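Raw contents of protein_4.cif, mmCIF, C-alpha atoms:
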```
data_work
loop_
_atom_site.group_PDB
_atom_site.id
_atom_site.type_symbol
_atom_site.label_atom_id
_atom_site.label_comp_id
_atom_site.auth_asym_id
_atom_site.auth_seq_id
_atom_site.Cartn_x
_atom_site.Cartn_y
_atom_site.Cartn_z
ATOM 1 C CA MET A 1459 -69.278 20.323 58.955
ATOM 2 C CA GLU A 1460 -70.404 19.235 55.498
ATOM 3 C CA GLU A 1461 -67.813 18.476 52.892
ATOM 4 C CA SER A 1462 -69.623 20.389 50.140
ATOM 5 C CA ALA A 1463 -67.951 23.736 50.547
ATOM 6 C CA THR A 1464 -70.804 26.190 50.623
ATOM 7 C CA SER A 1465 -69.745 29.800 50.779
ATOM 8 C CA THR A 1466 -70.294 29.862 54.541
ATOM 9 C CA ALA A 1467 -68.284 26.811 55.604
ATOM 10 C CA LEU A 1468 -65.143 27.714 57.499
ATOM 11 C CA HIS A 1469 -61.913 26.183 56.330
ATOM 12 C CA GLU A 1470 -61.562 22.864 58.086
ATOM 13 C CA THR A 1471 -58.284 23.806 59.748
ATOM 14 C CA CYS A 1472 -60.169 26.500 61.640
ATOM 15 C CA VAL A 1473 -62.074 23.904 63.630
ATOM 16 C CA THR A 1474 -59.861 20.861 63.490
ATOM 17 C CA ASP A 1475 -56.224 21.784 63.201
ATOM 18 C CA MET A 1476 -55.431 25.025 64.933
ATOM 19 C CA ASN A 1477 -51.727 24.843 64.329
ATOM 20 C CA ALA A 1478 -51.797 24.115 60.621
ATOM 21 C CA PRO A 1479 -48.443 24.813 58.994
ATOM 22 C CA THR A 1480 -48.217 28.233 57.482
ATOM 23 C CA PHE A 1481 -46.655 27.181 54.190
ATOM 24 C CA ASP A 1482 -47.943 24.270 52.141
ATOM 25 C CA ALA A 1483 -45.041 24.401 49.700
ATOM 26 C CA ASP A 1484 -41.526 25.723 49.461
ATOM 27 C CA TRP A 1485 -42.398 28.266 46.747
ATOM 28 C CA GLN A 1486 -44.853 29.918 49.140
ATOM 29 C CA ARG A 1487 -42.137 30.193 51.764
ATOM 30 C CA ARG A 1488 -39.652 31.648 49.260
ATOM 31 C CA ALA A 1489 -42.208 34.126 47.874
ATOM 32 C CA PHE A 1490 -42.952 35.252 51.424
ATOM 33 C CA GLY A 1491 -39.271 35.613 52.255
ATOM 34 C CA VAL A 1492 -38.461 37.549 49.082
ATOM 35 C CA ALA A 1493 -41.283 40.044 49.604
ATOM 36 C CA VAL A 1494 -40.336 40.711 53.226
ATOM 37 C CA ALA A 1495 -36.588 40.801 52.513
ATOM 38 C CA LEU A 1496 -37.028 43.436 49.787
ATOM 39 C CA SER A 1497 -38.992 45.612 52.184
ATOM 40 C CA GLU A 1498 -36.540 44.985 54.995
ATOM 41 C CA PHE A 1499 -33.674 46.148 52.817
ATOM 42 C CA GLY A 1500 -35.433 49.326 51.807
ATOM 43 C CA HIS A 1501 -36.694 48.548 48.310
ATOM 44 C CA TYR A 1502 -40.232 49.549 49.264
ATOM 45 C CA PRO A 1503 -42.232 50.379 52.379
ATOM 46 C CA TRP A 1504 -44.255 47.380 53.549
ATOM 47 C CA ASP A 1505 -47.606 49.077 53.078
ATOM 48 C CA GLU A 1506 -46.921 49.456 49.353
ATOM 49 C CA PHE A 1507 -46.723 45.691 49.103
ATOM 50 C CA GLN A 1508 -49.759 45.347 51.298
ATOM 51 C CA HIS A 1509 -51.869 47.561 49.048
ATOM 52 C CA ARG A 1510 -51.038 45.395 46.064
ATOM 53 C CA LEU A 1511 -51.906 42.283 48.052
ATOM 54 C CA ILE A 1512 -55.249 43.802 49.021
ATOM 55 C CA ASP A 1513 -55.873 44.668 45.336
ATOM 56 C CA ALA A 1514 -55.041 41.136 44.197
ATOM 57 C CA ILE A 1515 -57.309 39.566 46.803
ATOM 58 C CA GLY A 1516 -60.036 42.118 46.102
ATOM 59 C CA ALA A 1517 -59.942 41.303 42.395
ATOM 60 C CA TRP A 1518 -60.375 37.610 43.190
ATOM 61 C CA GLU A 1519 -63.285 38.356 45.512
ATOM 62 C CA ALA A 1520 -64.944 40.532 42.867
ATOM 63 C CA THR A 1521 -64.783 37.771 40.266
ATOM 64 C CA HIS A 1522 -68.058 36.066 39.480
ATOM 65 C CA GLU A 1523 -68.251 32.894 41.533
ATOM 66 C CA ALA A 1524 -68.539 30.515 38.563
ATOM 67 C CA GLU A 1525 -65.337 31.885 37.089
ATOM 68 C CA GLN A 1526 -63.479 32.249 40.337
ATOM 69 C CA PRO A 1527 -60.377 30.082 40.523
ATOM 70 C CA MET A 1528 -59.916 28.093 43.703
ATOM 71 C CA TRP A 1529 -58.665 30.204 46.618
ATOM 72 C CA GLU A 1530 -54.897 30.141 46.929
ATOM 73 C CA TYR A 1531 -53.562 32.873 49.176
ATOM 74 C CA TYR A 1532 -49.975 32.731 47.963
ATOM 75 C CA GLU A 1533 -50.967 33.155 44.314
ATOM 76 C CA HIS A 1534 -52.224 36.590 45.334
ATOM 77 C CA TRP A 1535 -49.031 37.138 47.267
ATOM 78 C CA LEU A 1536 -46.984 36.260 44.190
ATOM 79 C CA ALA A 1537 -49.089 38.503 41.957
ATOM 80 C CA ALA A 1538 -48.602 41.397 44.396
ATOM 81 C CA LEU A 1539 -44.850 40.752 44.427
ATOM 82 C CA GLU A 1540 -44.632 40.772 40.632
ATOM 83 C CA ARG A 1541 -46.631 43.985 40.494
ATOM 84 C CA ILE A 1542 -44.515 45.874 42.991
ATOM 85 C CA LEU A 1543 -41.257 44.703 41.405
ATOM 86 C CA VAL A 1544 -42.349 46.179 38.077
ATOM 87 C CA ASP A 1545 -43.832 49.330 39.662
ATOM 88 C CA ARG A 1546 -40.609 49.934 41.565
ATOM 89 C CA GLY A 1547 -38.445 49.266 38.502
ATOM 90 C CA LEU A 1548 -36.670 46.345 40.146
ATOM 91 C CA VAL A 1549 -37.763 44.063 37.318
ATOM 92 C CA ALA A 1550 -38.621 45.203 33.812
ATOM 93 C CA ASP A 1551 -41.936 44.339 32.186
ATOM 94 C CA GLU A 1552 -40.161 42.293 29.510
ATOM 95 C CA GLU A 1553 -38.158 40.370 32.096
ATOM 96 C CA LEU A 1554 -41.347 39.423 33.865
ATOM 97 C CA ARG A 1555 -42.979 38.392 30.570
ATOM 98 C CA ASP A 1556 -39.981 36.238 29.658
ATOM 99 C CA LEU A 1557 -40.161 34.673 33.074
ATOM 100 C CA LEU A 1558 -43.826 33.793 32.724
ATOM 101 C CA ALA A 1559 -43.351 32.504 29.181
ATOM 102 C CA ALA A 1560 -40.458 30.246 30.119
ATOM 103 C CA MET B 1226 -65.968 22.195 45.641
ATOM 104 C CA THR B 1227 -66.680 24.968 43.195
ATOM 105 C CA VAL B 1228 -66.127 24.374 39.510
ATOM 106 C CA GLN B 1229 -62.527 24.745 38.505
ATOM 107 C CA PHE B 1230 -61.224 25.540 35.096
ATOM 108 C CA ASP B 1231 -57.641 24.696 35.918
ATOM 109 C CA TYR B 1232 -56.240 21.554 37.378
ATOM 110 C CA PRO B 1233 -54.843 22.574 40.768
ATOM 111 C CA GLU B 1234 -51.645 20.562 40.214
ATOM 112 C CA ASP B 1235 -50.915 22.592 37.086
ATOM 113 C CA ARG B 1236 -51.564 25.837 38.889
ATOM 114 C CA GLU B 1237 -49.402 24.738 41.762
ATOM 115 C CA ALA B 1238 -46.523 23.814 39.453
ATOM 116 C CA ARG B 1239 -46.876 27.071 37.563
ATOM 117 C CA SER B 1240 -46.856 29.156 40.723
ATOM 118 C CA ALA B 1241 -43.841 27.287 42.042
ATOM 119 C CA ALA B 1242 -41.955 27.856 38.787
ATOM 120 C CA ARG B 1243 -42.885 31.551 38.788
ATOM 121 C CA ALA B 1244 -41.810 32.083 42.386
ATOM 122 C CA HIS B 1245 -38.489 30.321 41.997
ATOM 123 C CA ALA B 1246 -37.723 32.029 38.663
ATOM 124 C CA LEU B 1247 -38.517 35.426 40.161
ATOM 125 C CA GLU B 1248 -36.199 34.866 43.100
ATOM 126 C CA ALA B 1249 -33.453 33.615 40.747
ATOM 127 C CA LEU B 1250 -33.853 36.728 38.581
ATOM 128 C CA LEU B 1251 -33.593 39.053 41.584
ATOM 129 C CA ILE B 1252 -30.452 37.260 42.733
ATOM 130 C CA GLU B 1253 -28.975 37.387 39.223
ATOM 131 C CA LYS B 1254 -29.681 41.126 39.061
ATOM 132 C CA GLY B 1255 -28.030 41.609 42.429
ATOM 133 C CA VAL B 1256 -31.169 42.995 44.093
ATOM 134 C CA ILE B 1257 -31.070 40.351 46.823
ATOM 135 C CA THR B 1258 -28.998 37.323 47.724
ATOM 136 C CA ASP B 1259 -30.396 33.957 48.746
ATOM 137 C CA ALA B 1260 -28.703 34.453 52.110
ATOM 138 C CA THR B 1261 -30.792 37.602 52.627
ATOM 139 C CA VAL B 1262 -33.990 35.695 52.076
ATOM 140 C CA ASP B 1263 -32.845 32.830 54.313
ATOM 141 C CA LYS B 1264 -31.991 35.295 57.056
ATOM 142 C CA VAL B 1265 -35.432 36.871 56.922
ATOM 143 C CA LEU B 1266 -37.149 33.479 56.886
ATOM 144 C CA GLY B 1267 -35.013 32.290 59.778
ATOM 145 C CA TYR B 1268 -36.022 35.346 61.717
ATOM 146 C CA PHE B 1269 -39.703 34.609 61.169
ATOM 147 C CA GLU B 1270 -39.363 30.913 61.869
ATOM 148 C CA ASN B 1271 -37.087 31.075 64.895
ATOM 149 C CA ASP B 1272 -37.387 34.453 66.601
ATOM 150 C CA MET B 1273 -40.824 35.850 65.870
ATOM 151 C CA THR B 1274 -43.039 33.146 67.245
ATOM 152 C CA PRO B 1275 -46.089 32.942 69.515
ATOM 153 C CA LEU B 1276 -43.682 32.314 72.402
ATOM 154 C CA ASN B 1277 -43.144 36.077 72.440
ATOM 155 C CA GLY B 1278 -46.853 36.733 72.746
ATOM 156 C CA ALA B 1279 -47.190 34.117 75.468
ATOM 157 C CA LYS B 1280 -44.414 35.757 77.535
ATOM 158 C CA ILE B 1281 -46.056 39.162 77.135
ATOM 159 C CA VAL B 1282 -49.432 37.827 78.266
ATOM 160 C CA ALA B 1283 -47.941 35.992 81.256
ATOM 161 C CA ARG B 1284 -46.198 39.202 82.339
ATOM 162 C CA ALA B 1285 -49.451 41.118 82.036
ATOM 163 C CA TRP B 1286 -51.186 38.539 84.225
ATOM 164 C CA THR B 1287 -48.576 38.806 86.966
ATOM 165 C CA ASP B 1288 -47.835 42.537 86.817
ATOM 166 C CA PRO B 1289 -50.909 44.816 86.738
ATOM 167 C CA GLY B 1290 -48.771 47.881 86.009
ATOM 168 C CA PHE B 1291 -47.322 46.182 82.957
ATOM 169 C CA ALA B 1292 -50.822 45.137 81.866
ATOM 170 C CA GLU B 1293 -51.874 48.808 81.888
ATOM 171 C CA ARG B 1294 -48.799 49.983 80.034
ATOM 172 C CA LEU B 1295 -49.224 47.192 77.493
ATOM 173 C CA VAL B 1296 -52.616 48.480 76.390
ATOM 174 C CA ALA B 1297 -51.630 52.158 76.622
ATOM 175 C CA ASP B 1298 -48.412 51.928 74.572
ATOM 176 C CA THR B 1299 -47.863 48.423 73.313
ATOM 177 C CA PRO B 1300 -44.438 48.752 71.614
ATOM 178 C CA ALA B 1301 -42.966 50.581 74.624
ATOM 179 C CA ALA B 1302 -44.261 47.970 77.056
ATOM 180 C CA ILE B 1303 -42.956 45.106 74.926
ATOM 181 C CA ALA B 1304 -39.552 46.798 74.799
ATOM 182 C CA GLU B 1305 -39.348 46.334 78.602
ATOM 183 C CA LEU B 1306 -39.168 42.573 78.095
ATOM 184 C CA ASP B 1307 -36.154 40.637 76.980
ATOM 185 C CA LEU B 1308 -37.532 39.482 73.623
ATOM 186 C CA PRO B 1309 -35.738 39.125 70.275
ATOM 187 C CA VAL B 1310 -35.013 42.524 68.785
ATOM 188 C CA GLY B 1311 -37.471 43.364 66.055
ATOM 189 C CA MET B 1312 -36.584 44.151 62.487
ATOM 190 C CA ALA B 1313 -37.852 47.180 60.618
ATOM 191 C CA GLY B 1314 -39.965 45.260 58.125
ATOM 192 C CA ALA B 1315 -41.686 43.296 60.847
ATOM 193 C CA GLU B 1316 -44.064 46.145 61.648
ATOM 194 C CA GLY B 1317 -43.473 45.923 65.401
ATOM 195 C CA GLU B 1318 -44.174 49.623 65.805
ATOM 196 C CA HIS B 1319 -47.803 49.026 64.801
ATOM 197 C CA LEU B 1320 -48.570 46.440 67.488
ATOM 198 C CA GLN B 1321 -51.604 47.129 69.640
ATOM 199 C CA ALA B 1322 -52.809 44.968 72.515
ATOM 200 C CA VAL B 1323 -56.449 44.747 73.602
ATOM 201 C CA ALA B 1324 -57.326 43.086 76.892
ATOM 202 C CA ASN B 1325 -60.194 40.742 77.608
ATOM 203 C CA ALA B 1326 -61.987 41.354 80.901
ATOM 204 C CA PRO B 1327 -65.047 39.999 82.649
ATOM 205 C CA GLY B 1328 -67.907 40.850 80.276
ATOM 206 C CA VAL B 1329 -65.620 41.841 77.370
ATOM 207 C CA HIS B 1330 -64.153 39.573 74.707
ATOM 208 C CA ASN B 1331 -61.919 40.723 71.847
ATOM 209 C CA LEU B 1332 -61.494 39.117 68.436
ATOM 210 C CA VAL B 1333 -58.832 40.058 65.877
ATOM 211 C CA ILE B 1334 -59.434 39.653 62.160
ATOM 212 C CA CYS B 1335 -58.164 41.158 58.925
ATOM 213 C CA THR B 1336 -60.934 41.610 56.402
ATOM 214 C CA LEU B 1337 -58.803 42.960 53.538
ATOM 215 C CA CYS B 1338 -55.798 40.666 53.479
ATOM 216 C CA SER B 1339 -53.986 39.053 56.373
ATOM 217 C CA CYS B 1340 -52.335 41.677 58.587
ATOM 218 C CA PHE B 1341 -51.033 39.955 61.667
ATOM 219 C CA PRO B 1342 -48.886 40.915 64.675
ATOM 220 C CA TRP B 1343 -45.831 39.014 63.385
ATOM 221 C CA PRO B 1344 -43.325 39.915 66.127
ATOM 222 C CA VAL B 1345 -45.549 38.540 68.878
ATOM 223 C CA LEU B 1346 -47.543 35.795 67.150
ATOM 224 C CA GLY B 1347 -45.364 34.753 64.209
ATOM 225 C CA LEU B 1348 -47.067 33.958 60.930
ATOM 226 C CA PRO B 1349 -50.843 33.598 60.812
ATOM 227 C CA PRO B 1350 -52.445 30.165 60.677
ATOM 228 C CA TYR B 1351 -53.970 29.124 57.352
ATOM 229 C CA TRP B 1352 -57.578 29.730 58.331
ATOM 230 C CA TYR B 1353 -56.899 33.345 59.351
ATOM 231 C CA LYS B 1354 -56.274 34.108 55.662
ATOM 232 C CA ASP B 1355 -59.244 32.097 54.426
ATOM 233 C CA PRO B 1356 -61.787 34.285 52.565
ATOM 234 C CA THR B 1357 -64.773 32.693 54.276
ATOM 235 C CA PHE B 1358 -63.355 33.232 57.743
ATOM 236 C CA ARG B 1359 -62.413 36.822 56.959
ATOM 237 C CA ALA B 1360 -65.857 37.671 55.618
ATOM 238 C CA ARG B 1361 -67.939 35.794 58.162
ATOM 239 C CA ALA B 1362 -65.936 36.822 61.224
ATOM 240 C CA ALA B 1363 -66.713 40.436 60.333
ATOM 241 C CA ARG B 1364 -70.381 39.779 59.574
ATOM 242 C CA GLU B 1365 -71.361 37.283 62.281
ATOM 243 C CA PRO B 1366 -68.493 36.968 64.758
ATOM 244 C CA ARG B 1367 -70.540 35.330 67.520
ATOM 245 C CA VAL B 1368 -71.709 32.565 65.200
ATOM 246 C CA VAL B 1369 -68.181 31.969 63.934
ATOM 247 C CA LEU B 1370 -66.798 31.822 67.480
ATOM 248 C CA GLU B 1371 -69.458 29.308 68.444
ATOM 249 C CA GLU B 1372 -68.610 27.168 65.403
ATOM 250 C CA VAL B 1373 -64.973 27.000 66.441
ATOM 251 C CA GLY B 1374 -65.965 26.081 69.977
ATOM 252 C CA LEU B 1375 -66.137 29.353 71.898
ATOM 253 C CA LYS B 1376 -69.657 30.075 73.085
ATOM 254 C CA LEU B 1377 -69.883 33.533 74.585
ATOM 255 C CA ASP B 1378 -72.602 34.386 77.045
ATOM 256 C CA PRO B 1379 -75.047 36.856 75.410
ATOM 257 C CA SER B 1380 -74.175 39.364 78.135
ATOM 258 C CA VAL B 1381 -70.522 39.445 77.033
ATOM 259 C CA GLU B 1382 -69.648 42.367 74.814
ATOM 260 C CA LEU B 1383 -67.765 41.189 71.722
ATOM 261 C CA ARG B 1384 -65.313 43.663 70.215
ATOM 262 C CA VAL B 1385 -63.978 42.855 66.757
ATOM 263 C CA TRP B 1386 -60.716 44.489 65.672
ATOM 264 C CA ASP B 1387 -59.980 44.698 61.979
ATOM 265 C CA SER B 1388 -56.226 44.728 61.489
ATOM 266 C CA SER B 1389 -54.495 46.952 59.007
ATOM 267 C CA GLY B 1390 -50.959 47.959 58.176
ATOM 268 C CA HIS B 1391 -51.175 50.552 60.912
ATOM 269 C CA SER B 1392 -52.806 48.534 63.674
ATOM 270 C CA ARG B 1393 -51.747 44.976 64.253
ATOM 271 C CA TRP B 1394 -53.933 43.871 67.115
ATOM 272 C CA PHE B 1395 -53.449 41.007 69.507
ATOM 273 C CA VAL B 1396 -55.550 39.918 72.456
ATOM 274 C CA VAL B 1397 -54.498 39.641 76.081
ATOM 275 C CA PRO B 1398 -56.801 36.822 77.143
ATOM 276 C CA GLN B 1399 -58.115 36.433 80.684
ATOM 277 C CA ARG B 1400 -56.025 34.482 83.144
ATOM 278 C CA PRO B 1401 -57.744 31.161 83.755
ATOM 279 C CA ALA B 1402 -59.073 30.341 87.218
ATOM 280 C CA GLY B 1403 -57.032 28.079 89.454
ATOM 281 C CA THR B 1404 -53.640 29.323 88.296
ATOM 282 C CA GLN B 1405 -52.720 31.468 91.338
ATOM 283 C CA GLU B 1406 -49.811 29.219 92.281
ATOM 284 C CA MET B 1407 -48.234 29.168 88.836
ATOM 285 C CA THR B 1408 -44.990 30.940 87.963
ATOM 286 C CA GLU B 1409 -44.824 33.389 85.085
ATOM 287 C CA GLU B 1410 -43.082 30.722 83.026
ATOM 288 C CA GLN B 1411 -45.763 28.131 83.739
ATOM 289 C CA LEU B 1412 -48.441 30.651 82.855
ATOM 290 C CA ALA B 1413 -46.755 31.441 79.543
ATOM 291 C CA ALA B 1414 -46.928 27.750 78.622
ATOM 292 C CA LEU B 1415 -50.735 27.905 78.863
ATOM 293 C CA VAL B 1416 -51.171 30.749 76.386
ATOM 294 C CA THR B 1417 -52.118 29.675 72.863
ATOM 295 C CA THR B 1418 -51.966 31.540 69.568
ATOM 296 C CA GLU B 1419 -55.727 31.035 69.211
ATOM 297 C CA SER B 1420 -56.356 32.772 72.538
ATOM 298 C CA MET B 1421 -54.261 35.763 71.415
ATOM 299 C CA ILE B 1422 -56.322 36.042 68.216
ATOM 300 C CA GLY B 1423 -59.470 35.744 70.308
ATOM 301 C CA ILE B 1424 -61.043 32.574 68.943
ATOM 302 C CA ALA B 1425 -60.408 30.606 72.119
ATOM 303 C CA GLU B 1426 -59.931 31.048 75.845
ATOM 304 C CA VAL B 1427 -56.837 29.980 77.735
ATOM 305 C CA PRO B 1428 -57.133 26.528 79.328
ATOM 306 C CA SER B 1429 -56.243 26.258 83.021
ATOM 307 C CA SER B 1430 -53.755 23.473 82.332
ATOM 308 C CA VAL B 1431 -51.595 22.456 79.392
ATOM 309 C CA ALA B 1432 -53.456 19.995 77.157
#
```
Whole structure, structure tokens version:
Amino acid sequence: MEESATSTALHETCVTDMNAPTFDADWQRRAFGVAVALSEFGHYPWDEFQHRLIDAIGAWEATHEAEQPMWEYYEHWLAALERILVDRGLVADEELRDLLAA
Amino acid sequence: MTVQFDYPEDREARSAARAHALEALLIEKGVITDATVDKVLGYFENDMTPLNGAKIVARAWTDPGFAERLVADTPAAIAELDLPVGMAGAEGEHLQAVANAPGVHNLVICTLCSCFPWPVLGLPPYWYKDPTFRARAAREPRVVLEEVGLKLDPSVELRVWDSSGHSRWFVVPQRPAGTQEMTEEQLAALVTTESMIGIAEVPSSVA
């Protein structure tokens, strides 16, 4: 497969490394764990998180290609987590803003 | 590579800082504890793994009655086996098995995000979440399968299952030829995650 990633080239792990690790970095693992733990302990039904994840990914896919940031699944995951925390009142808007500004 | 306006290292550092700060805030506010998160992660990393799926498939291969029940009512059939007890957030109640058969091959994808049958297959591999795979596997599944090394005969019907929050599909692959003498345990060792997603067949011996 050619290195120049055309829009049709499959990710190289799909053909070369079937058992690629699921998390590339610890923050991805923590973000995953936090989102699932909050659902597990009743803070929201899982599908509410899922809808926000679908929205975040959909927004990325709808972005014009030239302006599209590189694909990073867990950035969408993190965005969905921030959204649901605010929507559910678990974190206030200002708290989230302070967090992002820090 | 496409043009990037951010340096990936910066983005990576920013995301890491955001994720860790968010978790710290939730702990500080008493919404969760770090032990809660560790427990959930441990569950995913130690208990909900493809070993569960492999045991289910091996049972289906050796017990035709179980194979029928597995497709008819997947959660009930799985409950017959001695597997780790599921947790509510793991979506085990939405599991649905589809069985390959001579002339029929099944492929599981998730076009919208990355729904996956966690309790039986663990966490999805990286490529399952890749936007190109998700789009192309829906549009031209036969071509994609051939690119990853599975060439289906044109006479084989290919069924593509798009996962959602309410249906988390997994594939019961066909038992490979030449495995009549194997025990259920030996059979389970042959079953790969890829074969239960439907992008590969099960080899007749462990690689």
Run the PyMOL selection byres ((chain B) within 7 of (chain A)) mentally over the shown coordinates, then write out the matched residues as a ChimeraX atom specification, using the chain letters and numbers from the document. /B:1226,1228-1229,1240-1241,1243-1246,1248,1261-1262,1265-1266,1313-1314,1337-1338,1348-1352,1355,1357-1358,1373,1390
The PyMOL selection byres ((chain B and resi 1395) around 8) applied to the shown file, residues as a list in words: Leu1320, Gln1321, Ala1322, Val1323, Val1333, Pro1342, Arg1393, Trp1394, Val1396, Val1397, Met1421 and Ile1422 of chain B
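Going from atom CA of Asn1331 of chain B to atom CA of Val1282 of chain B covers 14.3 Å.
Interatomic distance, atom CA of Phe1291 of chain B against atom CA of Leu1306 of chain B: 10.2 Å.
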For a quick check of understanding, using only C-alpha atoms, which of B:Thr1287, B:Pro1356, B:Arg1294, B:Asn1325 has the smallest distance to Gln1405 of chain B? B:Thr1287
Just to confirm, what's the straight-line distance from atom CA of Asp1545 of chain A to atom CA of Trp1343 of chain B in Å (one decimal)?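 Going from atom CA of Asp1545 of chain A over to atom CA of Trp1343 of chain B, I get 25.9 Å.
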Mind telling me what the PyMOL selection byres ((chain B and resi 1270-1276) around 7) catches here, as a PyMOL selection string? chain B and resi 1266-1269+1277-1280+1309+1343-1347+1418
